[in-house]
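Engineer: coords_4.txt is reproduced in full below (compact mmCIF, C-alpha atoms and all ligand atoms).
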# COMPACT_ATOMS: atom_id res chain seq x y z
CA MET A 132 -17.76 -23.33 21.50
CA ILE A 133 -17.75 -21.38 18.24
CA SER A 134 -17.24 -18.09 20.04
CA LYS A 135 -14.34 -19.57 22.05
CA ALA A 136 -12.74 -20.80 18.81
CA GLU A 137 -13.10 -17.31 17.31
CA THR A 138 -11.51 -15.72 20.39
CA ILE A 139 -8.58 -18.12 20.04
CA ASN A 140 -8.20 -17.53 16.31
CA ARG A 141 -8.04 -13.77 16.84
CA ALA A 142 -5.54 -14.13 19.69
CA LEU A 143 -3.33 -16.46 17.62
CA ASP A 144 -3.40 -14.08 14.68
CA GLU A 145 -2.14 -11.28 16.97
CA ALA A 146 0.37 -13.48 18.79
CA ILE A 147 2.19 -14.44 15.57
CA PRO A 148 2.76 -11.27 13.54
CA LEU A 149 4.31 -11.40 10.09
CA ILE A 150 7.75 -10.12 11.10
CA GLU A 151 11.37 -11.10 10.32
CA PRO A 152 12.42 -13.79 9.68
CA LEU A 153 9.54 -13.59 7.24
CA ASN A 154 9.67 -17.12 5.85
CA ILE A 155 9.58 -18.65 9.34
CA HIS A 156 6.68 -16.48 10.48
CA LYS A 157 4.83 -17.18 7.23
CA ALA A 158 5.19 -20.92 7.87
CA MET A 159 4.14 -20.58 11.52
CA ARG A 160 1.05 -18.62 10.52
CA TYR A 161 0.28 -21.00 7.64
CA ALA A 162 0.34 -24.01 9.95
CA ILE A 163 -1.59 -22.53 12.84
CA LEU A 164 -4.16 -20.42 11.01
CA ALA A 165 -4.94 -23.21 8.54
CA GLY A 166 -8.01 -24.26 10.52
CA GLY A 167 -8.14 -26.89 13.19
CA LYS A 168 -10.84 -27.60 15.70
CA ARG A 169 -9.06 -25.77 18.57
CA VAL A 170 -10.03 -28.54 21.00
CA ARG A 171 -7.03 -28.00 23.32
CA PRO A 172 -7.38 -24.21 23.76
CA ILE A 173 -11.16 -24.52 24.17
CA LEU A 174 -10.53 -27.16 26.85
CA CYS A 175 -8.12 -24.78 28.57
CA LEU A 176 -10.61 -21.88 28.56
CA ALA A 177 -13.51 -24.12 29.62
CA ALA A 178 -11.53 -25.62 32.53
CA CYS A 179 -10.70 -22.11 33.75
CA GLU A 180 -14.36 -21.16 33.53
CA LEU A 181 -15.40 -24.35 35.34
CA VAL A 182 -13.48 -23.35 38.47
CA GLY A 183 -14.73 -19.75 38.30
CA GLY A 184 -11.72 -18.13 36.59
CA GLU A 185 -11.78 -15.27 34.10
CA GLU A 186 -11.23 -16.07 30.41
CA ARG A 187 -8.81 -13.16 29.92
CA LEU A 188 -6.30 -14.80 32.31
CA THR A 189 -6.16 -18.02 30.28
CA ILE A 190 -6.07 -16.73 26.73
CA GLN A 191 -2.25 -16.79 26.52
CA ALA A 192 -2.20 -20.34 27.91
CA ALA A 193 -4.89 -21.36 25.42
CA CYS A 194 -2.80 -19.96 22.55
CA ALA A 195 0.29 -21.70 23.94
CA VAL A 196 -1.31 -25.16 23.86
CA GLU A 197 -2.45 -24.61 20.28
CA MET A 198 1.08 -23.50 19.30
CA ILE A 199 2.51 -26.66 20.87
CA HIS A 200 -0.12 -28.83 19.20
CA THR A 201 0.58 -27.23 15.81
CA MET A 202 4.32 -27.74 16.31
CA SER A 203 3.63 -31.45 16.90
CA LEU A 204 1.51 -31.67 13.73
CA ILE A 205 4.24 -30.02 11.63
CA LYS A 206 6.81 -32.50 12.98
CA ASP A 207 4.46 -35.48 12.74
CA ASP A 208 3.90 -34.79 9.04
CA LEU A 209 7.61 -34.63 8.13
CA PRO A 210 8.99 -37.29 5.76
CA CYS A 211 11.10 -38.77 8.60
CA MET A 212 7.95 -39.27 10.69
CA ASP A 213 4.50 -39.90 9.17
CA ASN A 214 5.38 -38.35 5.80
CA ASP A 215 2.04 -36.73 5.13
CA ASP A 216 0.98 -34.31 2.38
CA LEU A 217 -2.34 -33.13 3.74
CA ARG A 218 -3.20 -31.45 7.05
CA ARG A 219 -6.19 -29.34 8.02
CA GLY A 220 -7.39 -29.66 4.42
CA LYS A 221 -4.23 -28.06 3.01
CA PRO A 222 -0.76 -29.20 1.90
CA THR A 223 1.46 -29.84 4.93
CA THR A 224 3.90 -27.13 6.04
CA HIS A 225 7.03 -28.89 4.70
CA LYS A 226 5.30 -29.39 1.32
CA VAL A 227 4.75 -25.63 1.01
CA PHE A 228 7.86 -24.21 2.71
CA GLY A 229 10.38 -27.07 2.54
CA GLU A 230 11.62 -29.29 5.35
CA SER A 231 14.16 -26.96 6.92
CA VAL A 232 11.68 -24.08 7.24
CA ALA A 233 9.04 -26.49 8.59
CA ILE A 234 11.45 -27.76 11.27
CA LEU A 235 12.48 -24.23 12.24
CA SER A 236 8.90 -22.97 12.34
CA GLY A 237 7.94 -25.90 14.59
CA GLY A 238 10.79 -25.02 16.96
CA ALA A 239 9.80 -21.35 16.87
CA LEU A 240 6.18 -22.21 17.73
CA LEU A 241 7.36 -24.26 20.71
CA ALA A 242 9.54 -21.41 21.98
CA LEU A 243 6.86 -18.79 21.35
CA ALA A 244 4.33 -20.91 23.25
CA PHE A 245 6.34 -20.49 26.48
CA GLU A 246 7.25 -16.86 25.80
CA HIS A 247 3.60 -16.00 25.17
CA LEU A 248 2.38 -18.01 28.17
CA THR A 249 4.57 -16.06 30.58
CA GLU A 250 2.94 -12.82 29.43
CA ALA A 251 -0.28 -13.85 31.20
CA ASP A 252 -1.31 -11.88 34.28
CA VAL A 253 -0.71 -14.84 36.60
CA PRO A 254 1.31 -14.85 39.87
CA SER A 255 4.81 -16.30 39.38
CA LYS A 256 4.31 -19.32 41.68
CA LYS A 257 1.25 -20.39 39.70
CA MET A 258 3.07 -19.68 36.43
CA VAL A 259 5.96 -21.97 37.41
CA ARG A 260 3.48 -24.76 38.05
CA VAL A 261 1.79 -24.13 34.70
CA VAL A 262 5.11 -24.08 32.82
CA LYS A 263 6.15 -27.36 34.46
CA GLU A 264 2.82 -29.07 33.69
CA LEU A 265 3.01 -27.97 30.07
CA ALA A 266 6.69 -28.83 29.57
CA LYS A 267 6.08 -32.31 31.03
CA SER A 268 3.39 -32.96 28.44
CA ILE A 269 5.78 -32.34 25.52
CA GLY A 270 8.96 -34.30 26.21
CA THR A 271 9.69 -37.89 27.20
CA LYS A 272 6.76 -37.92 29.64
CA GLY A 273 4.35 -36.86 26.89
CA LEU A 274 4.28 -36.23 23.13
CA VAL A 275 7.82 -37.41 22.41
CA ALA A 276 7.34 -40.66 24.36
CA GLY A 277 4.07 -41.41 22.57
CA GLN A 278 5.50 -40.63 19.16
CA ALA A 279 8.64 -42.72 19.79
CA LYS A 280 6.60 -45.76 20.84
CA ASP A 281 4.20 -45.25 17.96
CA LEU A 282 7.04 -45.21 15.42
CA SER A 283 8.69 -48.27 16.92
CA SER A 284 5.38 -50.20 16.88
CA GLU A 285 4.70 -49.67 13.16
CA GLY A 286 4.23 -52.86 11.21
CA LEU A 287 3.91 -55.13 14.26
CA ASP A 288 1.27 -57.83 14.19
CA PRO A 289 -1.74 -56.60 16.25
CA ASN A 290 -1.77 -60.02 17.93
CA ASP A 291 1.65 -59.28 19.33
CA VAL A 292 0.66 -55.91 20.73
CA GLY A 293 -1.70 -55.48 23.61
CA LEU A 294 -4.12 -52.78 24.62
CA GLU A 295 -1.51 -51.67 27.15
CA ASP A 296 0.90 -50.62 24.37
CA LEU A 297 -1.87 -48.91 22.48
CA GLU A 298 -2.93 -47.04 25.60
CA TYR A 299 0.67 -46.01 26.31
CA ILE A 300 0.93 -44.47 22.84
CA HIS A 301 -2.30 -42.57 23.10
CA VAL A 302 -1.99 -41.47 26.72
CA HIS A 303 1.34 -39.86 25.79
CA LYS A 304 0.88 -38.81 22.17
CA THR A 305 -2.62 -37.40 22.44
CA GLY A 306 -3.68 -37.49 26.09
CA ALA A 307 -0.78 -35.65 27.70
CA LEU A 308 -1.31 -32.30 25.95
CA LEU A 309 -5.09 -32.49 26.35
CA GLU A 310 -4.61 -33.19 30.07
CA ALA A 311 -2.12 -30.34 30.45
CA SER A 312 -4.45 -27.96 28.56
CA ALA A 313 -7.28 -28.64 31.01
CA VAL A 314 -5.12 -28.68 34.13
CA ILE A 315 -3.35 -25.39 33.38
CA GLY A 316 -6.74 -23.80 32.69
CA ALA A 317 -7.95 -24.95 36.12
CA VAL A 318 -4.72 -23.83 37.84
CA ILE A 319 -4.83 -20.36 36.25
CA GLY A 320 -8.55 -20.15 37.00
CA GLY A 321 -7.80 -20.55 40.70
CA GLY A 322 -9.21 -24.06 41.21
CA SER A 323 -8.61 -25.85 44.53
CA GLU A 324 -6.36 -28.94 44.52
CA GLU A 325 -9.47 -31.12 44.63
CA GLU A 326 -11.01 -29.29 41.67
CA ILE A 327 -7.76 -29.49 39.68
CA GLU A 328 -7.63 -33.27 40.23
CA LYS A 329 -11.25 -33.63 39.09
CA VAL A 330 -10.37 -31.70 35.95
CA ARG A 331 -7.35 -33.96 35.45
CA GLY A 332 -9.53 -37.08 35.74
CA PHE A 333 -11.99 -35.62 33.26
CA ALA A 334 -9.21 -34.71 30.81
CA ARG A 335 -7.68 -38.21 30.99
CA CYS A 336 -10.98 -39.73 29.87
CA ILE A 337 -11.36 -37.08 27.18
CA GLY A 338 -7.82 -37.70 25.93
CA LEU A 339 -8.48 -41.36 25.40
CA LEU A 340 -11.94 -40.67 24.02
CA PHE A 341 -10.41 -38.25 21.51
CA GLN A 342 -7.98 -40.87 20.27
CA VAL A 343 -10.44 -43.77 20.04
CA VAL A 344 -12.69 -41.52 17.94
CA ASP A 345 -9.66 -40.49 15.86
CA ASP A 346 -8.88 -44.15 15.15
CA ILE A 347 -12.49 -44.88 14.19
CA LEU A 348 -12.58 -41.85 11.87
CA ASP A 349 -9.31 -42.86 10.21
CA GLU A 350 -10.92 -46.15 9.28
CA THR A 351 -14.40 -44.95 8.35
CA LYS A 352 -14.03 -41.48 6.73
CA SER A 353 -12.50 -40.12 3.53
CA SER A 354 -9.50 -37.76 3.25
CA GLU A 355 -11.86 -34.97 2.10
CA GLU A 356 -14.01 -35.38 5.18
CA LEU A 357 -11.01 -35.51 7.52
CA GLY A 358 -8.84 -32.83 5.90
CA LYS A 359 -5.91 -35.22 6.36
CA THR A 360 -5.00 -38.50 4.71
CA ALA A 361 -7.56 -41.15 5.67
CA GLY A 362 -6.70 -44.84 6.16
CA LYS A 363 -3.09 -43.95 7.00
CA ASP A 364 -3.04 -46.04 10.16
CA GLN A 365 -3.95 -49.14 8.16
CA VAL A 366 -1.32 -48.48 5.47
CA ALA A 367 1.41 -47.73 8.02
CA GLY A 368 0.50 -50.89 9.93
CA LYS A 369 -0.27 -48.79 13.01
CA LEU A 370 -1.93 -49.97 16.13
CA THR A 371 -5.45 -48.61 16.46
CA TYR A 372 -8.44 -49.35 18.68
CA PRO A 373 -10.53 -50.79 15.82
CA LYS A 374 -7.56 -53.01 14.94
CA VAL A 375 -7.05 -54.28 18.47
CA MET A 376 -10.64 -54.47 19.76
CA GLY A 377 -12.77 -54.25 16.58
CA LEU A 378 -14.98 -51.39 15.35
CA GLU A 379 -18.11 -52.16 17.37
CA LYS A 380 -16.26 -52.57 20.68
CA SER A 381 -14.37 -49.35 19.93
CA LYS A 382 -17.69 -47.53 19.55
CA GLU A 383 -18.88 -48.95 22.88
CA PHE A 384 -15.61 -47.82 24.46
CA VAL A 385 -16.34 -44.28 23.19
CA LYS A 386 -19.68 -44.30 25.04
CA LYS A 387 -18.03 -45.58 28.23
CA LEU A 388 -15.29 -42.93 28.18
CA LYS A 389 -17.82 -40.20 27.49
CA ARG A 390 -19.87 -41.29 30.53
CA GLU A 391 -16.81 -41.60 32.76
CA GLY A 392 -15.45 -38.22 31.69
CA LYS A 393 -18.69 -36.48 32.62
CA GLU A 394 -18.76 -38.26 35.99
CA HIS A 395 -15.49 -36.58 36.98
CA ILE A 396 -17.01 -33.12 36.69
CA GLN A 397 -20.33 -33.85 38.37
CA GLY A 398 -20.91 -31.54 41.29
CA PHE A 399 -19.57 -28.38 39.65
CA ASP A 400 -21.96 -25.48 39.01
CA SER A 401 -24.43 -26.63 36.34
CA ASP A 402 -23.90 -23.54 34.16
CA LYS A 403 -20.11 -23.53 34.43
CA VAL A 404 -19.90 -27.20 33.49
CA LYS A 405 -21.85 -26.72 30.23
CA PRO A 406 -18.89 -25.81 27.95
CA LEU A 407 -16.99 -28.95 29.01
CA ILE A 408 -20.05 -31.15 28.45
CA ALA A 409 -20.53 -29.55 25.02
CA LEU A 410 -16.85 -30.20 24.22
CA THR A 411 -17.13 -33.84 25.35
CA ASN A 412 -20.15 -34.39 23.09
CA PHE A 413 -18.37 -32.64 20.22
CA ILE A 414 -15.28 -34.86 20.60
CA ALA A 415 -17.39 -38.03 20.74
CA ASN A 416 -19.61 -37.11 17.77
CA ARG A 417 -17.13 -35.27 15.54
CA ASN A 418 -16.72 -36.13 11.86
CA ASN A 419 -13.17 -34.89 11.37
C1 LIG B 501 9.47 -32.53 18.62
C2 LIG B 501 9.31 -31.89 21.06
C3 LIG B 501 8.71 -32.51 19.87
C4 LIG B 501 7.48 -33.01 19.98
C5 LIG B 501 6.66 -33.59 18.87
C6 LIG B 501 5.79 -35.37 16.47
C7 LIG B 501 5.54 -35.51 17.92
C8 LIG B 501 6.60 -35.09 18.86
C9 LIG B 501 4.39 -35.98 18.40
C10 LIG B 501 3.22 -36.32 17.58
C11 LIG B 501 1.99 -35.84 18.27
C12 LIG B 501 0.76 -36.02 17.43
C13 LIG B 501 0.74 -35.49 16.05
C14 LIG B 501 -0.29 -36.62 17.96
C15 LIG B 501 -1.55 -36.83 17.26
C16 LIG B 501 -2.59 -36.10 18.01
C17 LIG B 501 -3.81 -35.91 17.20
C18 LIG B 501 -4.93 -36.85 17.41
C19 LIG B 501 -3.86 -34.90 16.31
C20 LIG B 501 -5.05 -34.45 15.60
O1 LIG B 501 -5.61 -33.46 16.46
P1 LIG B 501 -6.91 -32.67 16.06
O2 LIG B 501 -7.91 -33.61 15.50
O3 LIG B 501 -6.36 -31.75 14.90
O4 LIG B 501 -7.32 -31.85 17.24
P2 LIG B 501 -6.81 -30.26 14.50
O5 LIG B 501 -6.27 -30.09 13.12
O6 LIG B 501 -8.31 -30.18 14.54
O7 LIG B 501 -6.16 -29.35 15.48
Translate this file's structure into structure tokens.
Structural biologist:
Amino acid sequence: MISKAETINRALDEAIPLIEPLNIHKAMRYAILAGGKRVRPILCLAACELVGGEERLTIQAACAVEMIHTMSLIKDDLPCMDNDDLRRGKPTTHKVFGESVAILSGGALLALAFEHLTEADVPSKKMVRVVKELAKSIGTKGLVAGQAKDLSSEGLDPNDVGLEDLEYIHVHKTGALLEASAVIGAVIGGGSEEEIEKVRGFARCIGLLFQVVDDILDETKSSEELGKTAGKDQVAGKLTYPKVMGLEKSKEFVKKLKREGKEHIQGFDSDKVKPLIALTNFIANRNN
């Protein structure tokens, strides 16, 4: 996992050179090279490997999902959204570069993600499918839908909001991009339709698992440990799994999702499945 993260960091560094407009590229590089666990690009590379694909074919796609993820973090932290000062252990992009540069650098990362993706050595028919899968995960079928529902649910009494609403938020806000990252890795890697659907099932469990753990961490860890403001969900009156089902049941849910996720990828080559198992364990046991 560490070597995959290093490969991605190097590729991102090359993909975003410090060129004109300098302030925008500085902000893009600041946001994306600030750290981050690289879960989405690692998932993309590991899904490609699972179906027997070569890593070199997926590296642009892996960078693209991290660019999109970073764009969403920049926007999420803006004063008009979550209004956060700390991200990846550093001041948020708008705090350092100002709001207008932050907004432009987010837009530029989104555009560069697709430009960079299409430079991959992948046949056009496959590429169209990949672009569609990725685009779907960003707009009103993905990130935007989850964020919109999340914002409109702030401050509601948890008794008035069901698990269904909570799941809607997370499936869209967090799950969609994780799912797309895995699926495009499997598509580029040359997986069969059956294999791609198994990867999708796995990624759906992992997406939810990721978010339940995120909610637990927000409640149980400090800002220093997380590298972002802890306890924010509570203060913003946000819906979280611990709030809706309690901390202990949330922890049990983590175990269930972890088991179910692994079940989806049973039957693949035992060596090729290892990176995805390692990633699942990492997501379930992470501390930030
Ligand atoms: C403007 C088109 C457009 C889309 C953005 C703002 C927004 C819409 C969506 C918010 C998406 C968001 C921030 C979801 C939270 C996902 C999440 C759990 C982030 C933390 O991910 P980690 O832990 O972070 O992987 P690192 O820093 O490790 O990469």
Engineer: Mind checking which residues fall within 9 Å of range 204-207 of chain A, counting only C-alpha atoms, ignoring those fewer than 5 positions away in the same chain, and posting them as a list in words?
Structural biologist: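 Returned residues: Ala162, Ile199, Met212, Asp213, Asn214, Asp215, Arg218, Thr223, Thr224, His225, Ala233, Ile234, Ser236, Gly237 and Gln278 of chain A.
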Engineer: Can I get the residues close to ligand LIG 501 (chain B) as a ChimeraX atom specification, where close means within 8 Å and we count only C-alpha atoms and all ligand atoms?
Structural biologist: /A:166-171,197,200-208,212,218-219,237-238,241,269-270,274-279,304-305,341-342,345,419
Engineer: Give the answer as one residue: which of A:Lys221, A:Lys329, A:His247, A:Lys263 has the shortest atom-to-atom distance to Ala142 in chain A, using all atoms listed in the file?
Structural biologist: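 Of the candidates, the smallest distance to Ala142 in chain A is held by A:His247.
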Engineer: Given only C-alpha atoms as the basis, pick out the residue of A:Asp216, A:Glu145, A:Glu230, A:Asp252 nearest to Ile319 in chain A.
Structural biologist: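 The closest residue to Ile319 in chain A is A:Asp252.
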Engineer: Set up a box along x, y and z of the file covering all listed atoms of range 295-304 of chain A, add 5 Å on every one of the six sides, and write the centre and edge lengths in Å to one decimal, as lines of an AutoDock Vina configuration file.
Structural biologist:
center_x = -0.8
center_y = -45.2
center_z = 24.7
size_x = 14.3
size_y = 22.9
size_z = 15.0
Engineer: So how many Å separate CA of Leu297 in chain A and CA of Leu340 in chain A, to one decimal?
Structural biologist: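 These two atoms are separated by 13.1 Å.
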Engineer: I'd like the interatomic distance between CA of Glu356 in chain A and CA of Glu310 in chain A, to a tenth of an Å.
Structural biologist: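 Result for CA of Glu356 in chain A versus CA of Glu310 in chain A: 26.7 Å, one decimal.
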